[in-house]
>>> print(open('run13.txt').read())   # compact mmCIF, C-alpha atoms and all ligand atoms
# COMPACT_ATOMS: atom_id res chain seq x y z
CA MET A 1 15.06 -7.88 16.17
CA MET A 2 12.79 -5.16 17.53
CA THR A 3 9.17 -6.14 17.95
CA CYS A 4 6.73 -3.40 18.85
CA GLU A 5 3.05 -2.92 19.29
CA PHE A 6 1.76 -1.52 16.05
CA LYS A 7 -1.09 0.90 15.56
CA ILE A 8 -2.28 1.81 12.10
CA THR A 9 -4.93 4.48 11.65
CA VAL A 10 -6.86 4.42 8.38
CA ILE A 11 -7.15 8.10 7.44
CA VAL A 12 -8.18 7.56 3.81
CA GLU A 13 -9.83 4.50 2.29
CA ASN A 14 -12.47 3.79 -0.33
CA THR A 15 -15.14 3.16 2.29
CA ALA A 16 -16.29 5.19 5.28
CA GLU A 17 -19.10 5.48 7.77
CA PRO A 18 -20.21 9.01 8.74
CA PRO A 19 -18.79 11.28 9.95
CA PHE A 20 -15.71 10.13 8.01
CA GLN A 21 -15.46 10.74 4.28
CA ALA A 22 -14.34 8.18 1.70
CA GLU A 23 -12.41 8.58 -1.50
CA HIS A 24 -10.67 6.18 -3.85
CA GLY A 25 -7.25 6.18 -2.23
CA VAL A 26 -5.12 5.15 0.69
CA SER A 27 -3.49 6.97 3.56
CA LEU A 28 -2.43 5.18 6.74
CA LEU A 29 -0.76 6.56 9.83
CA ILE A 30 1.64 3.86 10.98
CA GLU A 31 2.81 4.00 14.57
CA TYR A 32 5.48 1.44 15.34
CA GLY A 33 7.73 1.88 18.32
CA LYS A 34 8.42 5.58 18.53
CA ARG A 35 7.99 6.21 14.82
CA ARG A 36 4.98 7.88 13.21
CA ILE A 37 4.96 7.42 9.46
CA LEU A 38 2.34 8.50 6.96
CA PHE A 39 2.07 5.71 4.43
CA ASP A 40 0.56 7.30 1.30
CA CYS A 41 -1.46 10.50 1.22
CA GLY A 42 -4.74 9.58 -0.48
CA ALA A 43 -5.99 11.56 -3.47
CA GLY A 44 -6.01 14.77 -1.42
CA GLY A 45 -9.76 15.40 -1.10
CA VAL A 46 -10.48 14.02 2.36
CA LEU A 47 -7.14 13.58 4.14
CA ALA A 48 -7.26 16.85 6.10
CA TYR A 49 -10.94 16.43 7.03
CA ASN A 50 -10.56 12.85 8.27
CA ALA A 51 -7.27 13.58 10.04
CA GLU A 52 -8.91 16.38 12.01
CA LEU A 53 -11.77 14.08 13.04
CA LEU A 54 -9.19 11.55 14.22
CA GLY A 55 -7.24 14.18 16.17
CA ILE A 56 -4.21 13.78 13.92
CA GLU A 57 -2.28 17.00 13.29
CA LEU A 58 -0.86 16.71 9.80
CA ASP A 59 1.68 19.41 10.65
CA ASP A 60 3.16 17.08 13.27
CA LEU A 61 3.97 14.44 10.65
CA SER A 62 7.40 14.70 9.12
CA THR A 63 7.93 11.31 7.48
CA ILE A 64 5.98 10.16 4.44
CA VAL A 65 6.38 6.88 2.56
CA LEU A 66 4.87 6.66 -0.92
CA SER A 67 3.90 3.18 -2.05
CA HIS A 68 3.87 4.38 -5.70
CA GLY A 69 3.11 7.41 -7.80
CA HIS A 70 -0.59 6.98 -8.61
CA ASN A 71 -2.71 10.01 -7.82
CA ASP A 72 -4.89 8.19 -5.29
CA HIS A 73 -1.77 7.70 -3.13
CA THR A 74 0.05 10.95 -3.79
CA GLY A 75 -2.53 13.73 -4.24
CA GLY A 76 -2.49 14.66 -0.55
CA ILE A 77 1.22 15.56 -0.64
CA SER A 78 0.09 19.08 -1.48
CA LEU A 79 -0.96 19.46 2.19
CA PHE A 80 2.58 19.00 3.50
CA LYS A 81 5.67 21.15 3.83
CA GLN A 82 9.17 20.23 4.93
CA CYS A 83 8.66 16.50 5.20
CA GLU A 84 11.05 13.72 4.39
CA ILE A 85 9.55 11.57 1.66
CA TRP A 86 10.71 8.02 1.03
CA CYS A 87 9.77 6.81 -2.42
CA ALA A 88 11.06 4.87 -5.37
CA THR A 89 12.96 6.41 -8.25
CA ASN A 90 10.59 7.84 -10.87
CA VAL A 91 7.61 8.02 -8.53
CA GLU A 92 6.67 11.25 -10.32
CA ALA A 93 6.76 9.60 -13.80
CA PRO A 94 3.53 9.80 -15.85
CA HIS A 95 0.94 7.08 -15.36
CA TYR A 96 -2.26 6.51 -17.34
CA SER A 97 -5.05 3.98 -17.21
CA LEU A 98 -7.05 3.02 -20.28
CA HIS A 99 -10.18 0.99 -19.71
CA HIS A 100 -11.80 -0.32 -22.88
CA GLY A 101 -14.49 2.06 -24.11
CA GLN A 102 -13.67 4.73 -21.55
CA PRO A 103 -11.69 7.97 -21.78
CA VAL A 104 -8.01 7.91 -20.87
CA HIS A 105 -7.38 8.65 -17.21
CA ASN A 106 -4.28 10.50 -16.16
CA ILE A 107 -3.44 8.86 -12.83
CA SER A 108 -0.02 10.49 -12.34
CA MET A 109 0.92 12.47 -9.26
CA PRO A 110 -1.18 15.66 -9.60
CA ASP A 111 0.62 18.93 -10.42
CA THR A 112 -0.22 20.49 -7.04
CA ALA A 113 1.23 17.46 -5.28
CA LEU A 114 4.28 17.46 -7.53
CA ALA A 115 4.96 21.14 -6.74
CA SER A 116 4.88 20.32 -3.02
CA PHE A 117 6.88 17.09 -3.53
CA ASN A 118 9.67 19.07 -5.18
CA GLN A 119 10.00 21.31 -2.10
CA GLN A 120 10.65 18.44 0.32
CA ILE A 121 13.54 16.21 1.26
CA ILE A 122 13.36 13.18 -1.01
CA HIS A 123 14.94 9.81 -0.28
CA ARG A 124 14.95 7.51 -3.29
CA VAL A 125 14.67 3.88 -2.26
CA GLN A 126 16.50 1.82 -4.84
CA ALA A 127 16.87 -1.45 -2.97
CA PHE A 128 15.56 -3.22 0.10
CA THR A 129 16.33 -0.65 2.80
CA GLU A 130 16.00 -0.50 6.58
CA PHE A 131 14.85 3.09 6.76
CA ASP A 132 14.45 2.97 10.54
CA THR A 133 15.16 0.30 13.13
CA GLY A 134 12.97 -2.68 12.32
CA ILE A 135 11.15 -0.91 9.48
CA TRP A 136 12.01 -1.89 5.94
CA LEU A 137 11.07 -0.54 2.54
CA THR A 138 11.32 -2.98 -0.32
CA GLY A 139 12.15 -0.51 -3.09
CA PRO A 140 11.30 -1.88 -6.55
CA ILE A 141 9.83 -5.37 -6.31
CA PRO A 142 11.11 -8.03 -8.74
CA ARG A 143 8.31 -9.83 -10.61
CA LEU A 144 9.65 -13.37 -10.59
CA SER A 145 6.73 -15.57 -9.57
CA GLY A 146 4.89 -15.54 -12.89
CA GLU A 147 1.96 -13.94 -11.10
CA ASP A 148 -0.28 -11.96 -13.46
CA THR A 149 0.42 -8.34 -12.55
CA GLY A 150 -0.92 -6.80 -15.74
CA GLY A 151 -3.57 -4.13 -15.91
CA PRO A 152 -4.79 -1.29 -18.10
CA PHE A 153 -1.78 0.84 -17.18
CA TYR A 154 0.36 2.85 -19.60
CA CYS A 155 3.17 5.39 -19.48
CA ASP A 156 1.57 7.47 -22.23
CA PRO A 157 -1.99 8.61 -23.00
CA ASP A 158 -1.98 6.76 -26.34
CA GLY A 159 -1.57 3.38 -24.69
CA ILE A 160 1.64 2.48 -26.52
CA CYS A 161 4.03 1.95 -23.61
CA LYS A 162 2.84 -0.59 -21.00
CA ASP A 163 3.38 0.59 -17.43
CA SER A 164 4.51 -2.09 -15.02
CA ILE A 165 4.49 0.55 -12.23
CA PRO A 166 8.14 -0.04 -11.31
CA ASP A 167 7.94 2.80 -8.79
CA GLU A 168 6.09 0.59 -6.33
CA GLN A 169 7.35 -0.47 -2.92
CA ALA A 170 5.91 -2.05 0.22
CA MET A 171 6.79 -1.66 3.90
CA LEU A 172 7.87 -4.58 6.06
CA LEU A 173 7.92 -4.38 9.86
CA ASP A 174 10.26 -6.79 11.56
CA ASP A 175 7.31 -8.01 13.60
CA GLY A 176 6.05 -9.78 10.44
CA ILE A 177 3.63 -7.13 9.17
CA LEU A 178 3.60 -6.26 5.48
CA ILE A 179 1.90 -3.05 4.34
CA GLN A 180 0.84 -2.37 0.75
CA GLY A 181 -0.62 0.51 -1.17
CA CYS A 182 -2.06 -1.12 -4.30
CA CYS A 183 0.21 -4.16 -4.65
CA HIS A 184 0.43 -3.80 -8.42
CA SER A 185 3.58 -5.93 -8.12
CA GLY A 186 1.51 -8.85 -6.84
CA ILE A 187 1.39 -10.13 -3.28
CA ILE A 188 3.26 -13.33 -4.17
CA ASN A 189 6.11 -11.38 -5.76
CA THR A 190 6.18 -9.00 -2.80
CA MET A 191 6.21 -11.69 -0.13
CA GLU A 192 8.77 -13.76 -2.04
CA TYR A 193 11.04 -10.72 -2.25
CA CYS A 194 10.66 -10.04 1.48
CA HIS A 195 11.41 -13.68 2.23
CA ARG A 196 14.50 -13.72 -0.01
CA GLU A 197 15.89 -10.56 1.59
CA HIS A 198 14.81 -11.35 5.14
CA PRO A 199 14.08 -15.04 5.65
CA GLU A 200 14.15 -14.47 9.42
CA ILE A 201 10.96 -12.37 9.19
CA ALA A 202 7.84 -14.51 8.80
CA VAL A 203 5.05 -12.36 7.40
CA HIS A 204 1.91 -13.20 9.37
CA THR A 205 -0.14 -10.07 8.65
CA VAL A 206 -0.83 -8.30 5.36
CA ILE A 207 -2.43 -4.86 5.34
CA GLY A 208 -3.60 -2.74 2.39
CA GLY A 209 -4.85 -3.03 -1.17
CA LEU A 210 -4.04 -6.20 -3.11
CA HIS A 211 -5.29 -5.08 -6.53
CA LEU A 212 -7.30 -8.22 -7.20
CA LEU A 213 -10.44 -6.43 -8.42
CA HIS A 214 -10.23 -8.02 -11.85
CA ALA A 215 -8.36 -11.18 -10.91
CA ASP A 216 -9.68 -14.41 -12.37
CA GLU A 217 -10.39 -17.53 -10.32
CA GLU A 218 -7.02 -19.07 -11.14
CA ARG A 219 -5.12 -16.09 -9.80
CA LEU A 220 -7.28 -15.93 -6.68
CA TYR A 221 -6.76 -19.66 -6.11
CA ARG A 222 -3.00 -19.37 -6.54
CA THR A 223 -2.84 -16.35 -4.25
CA ALA A 224 -4.92 -18.02 -1.55
CA GLU A 225 -2.77 -21.13 -1.80
CA TYR A 226 0.37 -19.05 -1.37
CA LEU A 227 -1.07 -17.25 1.66
CA ARG A 228 -2.04 -20.62 3.15
CA GLN A 229 1.39 -22.16 2.56
CA THR A 230 3.16 -19.17 4.05
CA LYS A 231 0.87 -19.29 7.10
CA VAL A 232 -0.44 -15.74 6.86
CA GLU A 233 -2.77 -15.36 9.84
CA ARG A 234 -4.35 -11.95 9.31
CA LEU A 235 -5.45 -10.04 6.24
CA TYR A 236 -6.62 -6.44 6.56
CA LEU A 237 -7.89 -5.91 3.05
CA MET A 238 -8.89 -2.56 1.64
CA HIS A 239 -8.85 -0.18 -1.32
CA CYS A 240 -8.34 -2.11 -4.58
CA THR A 241 -8.52 -5.66 -3.21
CA GLY A 242 -12.04 -6.26 -4.54
CA ASP A 243 -15.07 -7.84 -2.84
CA ASN A 244 -14.68 -11.05 -4.87
CA ALA A 245 -11.17 -11.56 -3.61
CA VAL A 246 -12.19 -10.89 0.00
CA GLU A 247 -15.00 -13.46 -0.26
CA PHE A 248 -12.69 -15.96 -1.99
CA PHE A 249 -10.11 -15.66 0.77
CA ARG A 250 -12.79 -15.96 3.47
CA LYS A 251 -13.89 -19.28 1.97
CA SER A 252 -10.41 -20.56 1.11
CA LEU A 253 -8.61 -19.53 4.29
CA PRO A 254 -11.02 -20.32 7.13
CA TYR A 255 -8.26 -20.23 9.77
CA CYS A 256 -7.18 -16.73 8.70
CA LYS A 257 -8.63 -13.61 10.31
CA ILE A 258 -9.85 -11.43 7.45
CA CYS A 259 -11.06 -7.87 8.01
CA THR A 260 -11.96 -5.00 5.72
CA PRO A 261 -11.08 -1.81 7.58
CA HIS A 262 -12.79 1.45 6.71
CA THR A 263 -11.74 5.07 6.99
CA GLY A 264 -11.40 6.00 10.65
CA ASP A 265 -10.61 2.49 11.86
CA ILE A 266 -7.57 1.83 13.98
CA ILE A 267 -5.83 -1.44 13.20
CA SER A 268 -3.98 -2.95 16.12
CA PRO A 269 -3.46 -6.54 17.29
CA SER A 270 -6.92 -6.38 18.93
CA PHE A 271 -8.78 -5.04 15.85
CA CYS A 272 -11.53 -7.38 14.57
FE FE A 301 -4.57 2.77 -5.51
FE FE A 302 -2.15 2.21 -7.96
>>> encode(input="run13.txt", output="structure tokens", more="lines below")
Ligand SMILES: [Fe+2]
Ligand SMILES: [Fe+2]
Amino acid sequence: MMTCEFKITVIVENTAEPPFQAEHGVSLLIEYGKRRILFDCGAGGVLAYNAELLGIELDDLSTIVLSHGHNDHTGGISLFKQCEIWCATNVEAPHYSLHHGQPVHNISMPDTALASFNQQIIHRVQAFTEFDTGIWLTGPIPRLSGEDTGGPFYCDPDGICKDSIPDEQAMLLDDGILIQGCCHSGIINTMEYCHREHPEIAVHTVIGGLHLLHADEERLYRTAEYLRQTKVERLYLMHCTGDNAVEFFRKSLPYCKICTPHTGDIISPSFC
């Protein structure tokens, strides 16, 4: 097993202090060993601006992992040429969200991003895959825990076909770090899958969005209990996790280090 110092730079996140700019989205530069991997690309509005402030040359990045196809994770692909993109099958499938009383939102990969996506080298991750030494991509995540992973997501603008977002994957570092985009699959399902495939890797750190914005108390309680039982020590929560969930975990998991990184932050073992 390779264990490396990790460094994760938050280039795009929902929150930012000046001079950084925020947008609803995620893009993280993951440095692990000798690898530099862009995990998601944000919605595309602030990635280039924030990267320049951080001294990150986007042209130097050649490996992109997409957590799933939603536009807030894929829009920035339009800024890249000649990259290798690791994503699930059907990441470019249509996605819509329908909130009661609001217009339909098309949250698919934007056309400009799709045009760029189609020019690049695409690796479809169909199963748990070691895509580089000590770095794993889950591919599609089985939903076996009974965790509520529903949401207002549809494959069509008329809201007929429910979208379970099967094009979602997470990244697992063999050091025990699990990185999410939105975690539509549910953190319990994701960690259970990682444990089944790699019981030798004990996940101690979870980074990313956990999509618990609208979670009820029962789901928060069950999630906190799972994180406690599995001895997760650090949570770096961002994007779609939700303030309620962060507060719930702070109260329920007093031993656990819980941080909410913003755009421009660099997450490393010494962060917060
Ligand atoms: Fe998202
Ligand atoms: Fe999403």
>>> atom_distance(input="run13.txt", atom1="CA of Asn71 (chain A)", atom2="CA of Ala43 (chain A)")
5.7 Å
>>> residues_around(input="run13.txt", residues="Ile258 (chain A)", least_positions_apart="3", cutoff="9 Å", atoms="all atoms listed in the file", output="ChimeraX atom specification")
/A:233-237,246,249-250,253-254,272
>>> write_last_selection(input="run13.txt", atoms="C-alpha atoms", output="JSON list (two decimals), in the frame of the given file")
[["chain", "number", "residue", "atom", "x", "y", "z"],
["A", 233, "GLU", "CA", -2.77, -15.36, 9.84],
["A", 234, "ARG", "CA", -4.35, -11.95, 9.31],
["A", 235, "LEU", "CA", -5.45, -10.04, 6.24],
["A", 236, "TYR", "CA", -6.62, -6.44, 6.56],
["A", 237, "LEU", "CA", -7.89, -5.91, 3.05],
["A", 246, "VAL", "CA", -12.19, -10.89, 0.00],
["A", 249, "PHE", "CA", -10.11, -15.66, 0.77],
["A", 250, "ARG", "CA", -12.79, -15.96, 3.47],
["A", 253, "LEU", "CA", -8.61, -19.53, 4.29],
["A", 254, "PRO", "CA", -11.02, -20.32, 7.13],
["A", 272, "CYS", "CA", -11.53, -7.38, 14.57]]
>>> residues_near_ligand(input="run13.txt", ligand="ligand FE 302 (chain A)", cutoff="10 Å", atoms="all atoms listed in the file", output="PyMOL selection string")
chain A and resi 25-26+67-74+95+97+107-108+153+165+168+181-185+209-211+239-240
>>> residues_near_point(input="run13.txt", point="(11.6, -8.2, 12.2)", cutoff="10 Å", atoms="all atoms listed in the file", output="list of chain:residue names")
A:Met1, A:Met2, A:Thr3, A:Cys4, A:Thr133, A:Gly134, A:Ile135, A:Trp136, A:Leu172, A:Leu173, A:Asp174, A:Asp175, A:Gly176, A:Ile177, A:His198, A:Pro199, A:Glu200, A:Ile201, A:Ala202, A:Val203
>>> write_last_selection(input="run13.txt", atoms="C-alpha atoms", output="PDB file, keeping the file's coordinate frame")
ATOM      1  CA  MET A   1      15.060  -7.880  16.170  1.00  0.00           C
ATOM      2  CA  MET A   2      12.790  -5.160  17.530  1.00  0.00           C
ATOM      3  CA  THR A   3       9.170  -6.140  17.950  1.00  0.00           C
ATOM      4  CA  CYS A   4       6.730  -3.400  18.850  1.00  0.00           C
ATOM      5  CA  THR A 133      15.160   0.300  13.130  1.00  0.00           C
ATOM      6  CA  GLY A 134      12.970  -2.680  12.320  1.00  0.00           C
ATOM      7  CA  ILE A 135      11.150  -0.910   9.480  1.00  0.00           C
ATOM      8  CA  TRP A 136      12.010  -1.890   5.940  1.00  0.00           C
ATOM      9  CA  LEU A 172       7.870  -4.580   6.060  1.00  0.00           C
ATOM     10  CA  LEU A 173       7.920  -4.380   9.860  1.00  0.00           C
ATOM     11  CA  ASP A 174      10.260  -6.790  11.560  1.00  0.00           C
ATOM     12  CA  ASP A 175       7.310  -8.010  13.600  1.00  0.00           C
ATOM     13  CA  GLY A 176       6.050  -9.780  10.440  1.00  0.00           C
ATOM     14  CA  ILE A 177       3.630  -7.130   9.170  1.00  0.00           C
ATOM     15  CA  HIS A 198      14.810 -11.350   5.140  1.00  0.00           C
ATOM     16  CA  PRO A 199      14.080 -15.040   5.650  1.00  0.00           C
ATOM     17  CA  GLU A 200      14.150 -14.470   9.420  1.00  0.00           C
ATOM     18  CA  ILE A 201      10.960 -12.370   9.190  1.00  0.00           C
ATOM     19  CA  ALA A 202       7.840 -14.510   8.800  1.00  0.00           C
ATOM     20  CA  VAL A 203       5.050 -12.360   7.400  1.00  0.00           C
TER      21      VAL A 203
END
>>> atom_distance(input="run13.txt", atom1="CA of Pro140 (chain A)", atom2="CA of Tyr154 (chain A)")
17.7 Å
>>> residues_around(input="run13.txt", residues="Ile188 (chain A)", least_positions_apart="3", cutoff="8 Å", atoms="all atoms listed in the file", output="compact mmCIF listing (two decimals) with C-alpha atoms, in the coordinates of the input")
# COMPACT_ATOMS: atom_id res chain seq x y z
CA SER A 145 6.73 -15.57 -9.57
CA GLU A 147 1.96 -13.94 -11.10
CA MET A 191 6.21 -11.69 -0.13
CA GLU A 192 8.77 -13.76 -2.04
CA THR A 223 -2.84 -16.35 -4.25
CA TYR A 226 0.37 -19.05 -1.37
>>> closest_residue(input="run13.txt", among="A:Pro103, A:Gly146, A:Gly208, A:Pro94", to="ligand FE 301 (chain A)", atoms="only C-alpha atoms and all ligand atoms")
A:Gly208
>>> atom_distance(input="run13.txt", atom1="CA of Ile8 (chain A)", atom2="CA of Leu38 (chain A)")
9.6 Å
>>> closest_residue(input="run13.txt", among="A:Ser252, A:Asn14, A:Ser78, A:Thr263", to="ligand FE 301 (chain A)", atoms="all atoms listed in the file")
A:Asn14
>>> closest_residue(input="run13.txt", among="A:Met109, A:Cys155, A:Ile37, A:Ile77", to="ligand FE 301 (chain A)", atoms="only C-alpha atoms and all ligand atoms")
A:Met109
>>> closest_residue(input="run13.txt", among="A:Thr205, A:Arg196, A:Asp148, A:Met171", to="Leu220 (chain A)", atoms="all atoms listed in the file")
A:Asp148
>>> axis_aligned_box(input="run13.txt", around="region 68-79 of chain A", padding_each_side="3 Å", output="lines of an AutoDock Vina configuration file")
center_x = -0.5
center_y = 11.9
center_z = -3.2
size_x = 14.8
size_y = 21.1
size_z = 16.8
>>> closest_residue(input="run13.txt", among="A:Met238, A:Val91, A:Ala215, A:Cys259", to="ligand FE 301 (chain A)", atoms="all atoms listed in the file")
A:Met238
>>> decode(input="run13.txt", residues="region 75-95 of chain A", atoms="N, CA, C and O atoms", output="compact mmCIF listing (two decimals), in the first residue's frame")
# COMPACT_ATOMS: atom_id res chain seq x y z
N GLY A 75 -19.31 21.89 -16.08
CA GLY A 75 -19.33 23.05 -16.98
C GLY A 75 -17.94 23.52 -17.37
O GLY A 75 -17.71 23.95 -18.51
N GLY A 76 -16.99 23.43 -16.44
CA GLY A 76 -15.63 23.92 -16.71
C GLY A 76 -14.83 23.07 -17.67
O GLY A 76 -13.71 23.45 -18.05
N ILE A 77 -15.36 21.94 -18.11
CA ILE A 77 -14.63 21.10 -19.08
C ILE A 77 -14.32 21.91 -20.34
O ILE A 77 -13.34 21.67 -21.03
N SER A 78 -15.17 22.89 -20.63
CA SER A 78 -14.98 23.67 -21.86
C SER A 78 -13.65 24.41 -21.87
O SER A 78 -13.20 24.86 -22.91
N LEU A 79 -12.98 24.52 -20.73
CA LEU A 79 -11.69 25.22 -20.66
C LEU A 79 -10.51 24.31 -21.02
O LEU A 79 -9.38 24.77 -21.07
N PHE A 80 -10.77 23.04 -21.23
CA PHE A 80 -9.67 22.08 -21.39
C PHE A 80 -9.62 21.49 -22.80
O PHE A 80 -10.66 21.33 -23.45
N LYS A 81 -8.37 21.17 -23.19
CA LYS A 81 -8.16 20.46 -24.46
C LYS A 81 -7.19 19.32 -24.17
O LYS A 81 -6.29 19.46 -23.36
N GLN A 82 -7.37 18.25 -24.87
CA GLN A 82 -6.43 17.12 -24.83
C GLN A 82 -6.15 16.59 -23.44
O GLN A 82 -5.00 16.37 -23.06
N CYS A 83 -7.19 16.45 -22.67
CA CYS A 83 -7.06 15.81 -21.36
C CYS A 83 -7.54 14.37 -21.43
O CYS A 83 -8.24 13.98 -22.37
N GLU A 84 -7.17 13.62 -20.41
CA GLU A 84 -7.80 12.32 -20.23
C GLU A 84 -8.86 12.48 -19.15
O GLU A 84 -8.56 12.98 -18.06
N ILE A 85 -10.07 12.09 -19.48
CA ILE A 85 -11.19 12.25 -18.55
C ILE A 85 -11.66 10.88 -18.10
O ILE A 85 -11.94 10.00 -18.93
N TRP A 86 -11.74 10.72 -16.78
CA TRP A 86 -12.21 9.46 -16.19
C TRP A 86 -13.60 9.72 -15.63
O TRP A 86 -13.79 10.56 -14.74
N CYS A 87 -14.57 9.01 -16.17
CA CYS A 87 -15.96 9.28 -15.77
C CYS A 87 -16.76 7.99 -15.92
O CYS A 87 -16.31 7.03 -16.53
N ALA A 88 -17.96 8.03 -15.39
CA ALA A 88 -18.83 6.86 -15.52
C ALA A 88 -19.48 6.85 -16.91
O ALA A 88 -19.52 7.86 -17.61
N THR A 89 -19.98 5.69 -17.29
CA THR A 89 -20.78 5.58 -18.50
C THR A 89 -21.98 6.51 -18.36
O THR A 89 -22.52 6.68 -17.27
N ASN A 90 -22.37 7.14 -19.46
CA ASN A 90 -23.56 8.00 -19.48
C ASN A 90 -23.43 9.28 -18.67
O ASN A 90 -24.43 9.85 -18.26
N VAL A 91 -22.20 9.73 -18.44
CA VAL A 91 -22.04 10.97 -17.68
C VAL A 91 -22.66 12.15 -18.43
O VAL A 91 -23.03 13.16 -17.84
N GLU A 92 -22.76 12.01 -19.76
CA GLU A 92 -23.32 13.10 -20.56
C GLU A 92 -24.83 12.95 -20.79
O GLU A 92 -25.43 13.67 -21.57
N ALA A 93 -25.47 11.99 -20.09
CA ALA A 93 -26.92 11.80 -20.21
C ALA A 93 -27.66 13.02 -19.65
O ALA A 93 -27.13 13.73 -18.81
N PRO A 94 -28.90 13.28 -20.12
CA PRO A 94 -29.63 14.44 -19.60
C PRO A 94 -30.02 14.30 -18.14
O PRO A 94 -30.34 13.21 -17.67
N HIS A 95 -29.94 15.40 -17.44
CA HIS A 95 -30.35 15.46 -16.03
C HIS A 95 -31.20 16.72 -15.83
O HIS A 95 -30.82 17.80 -16.31
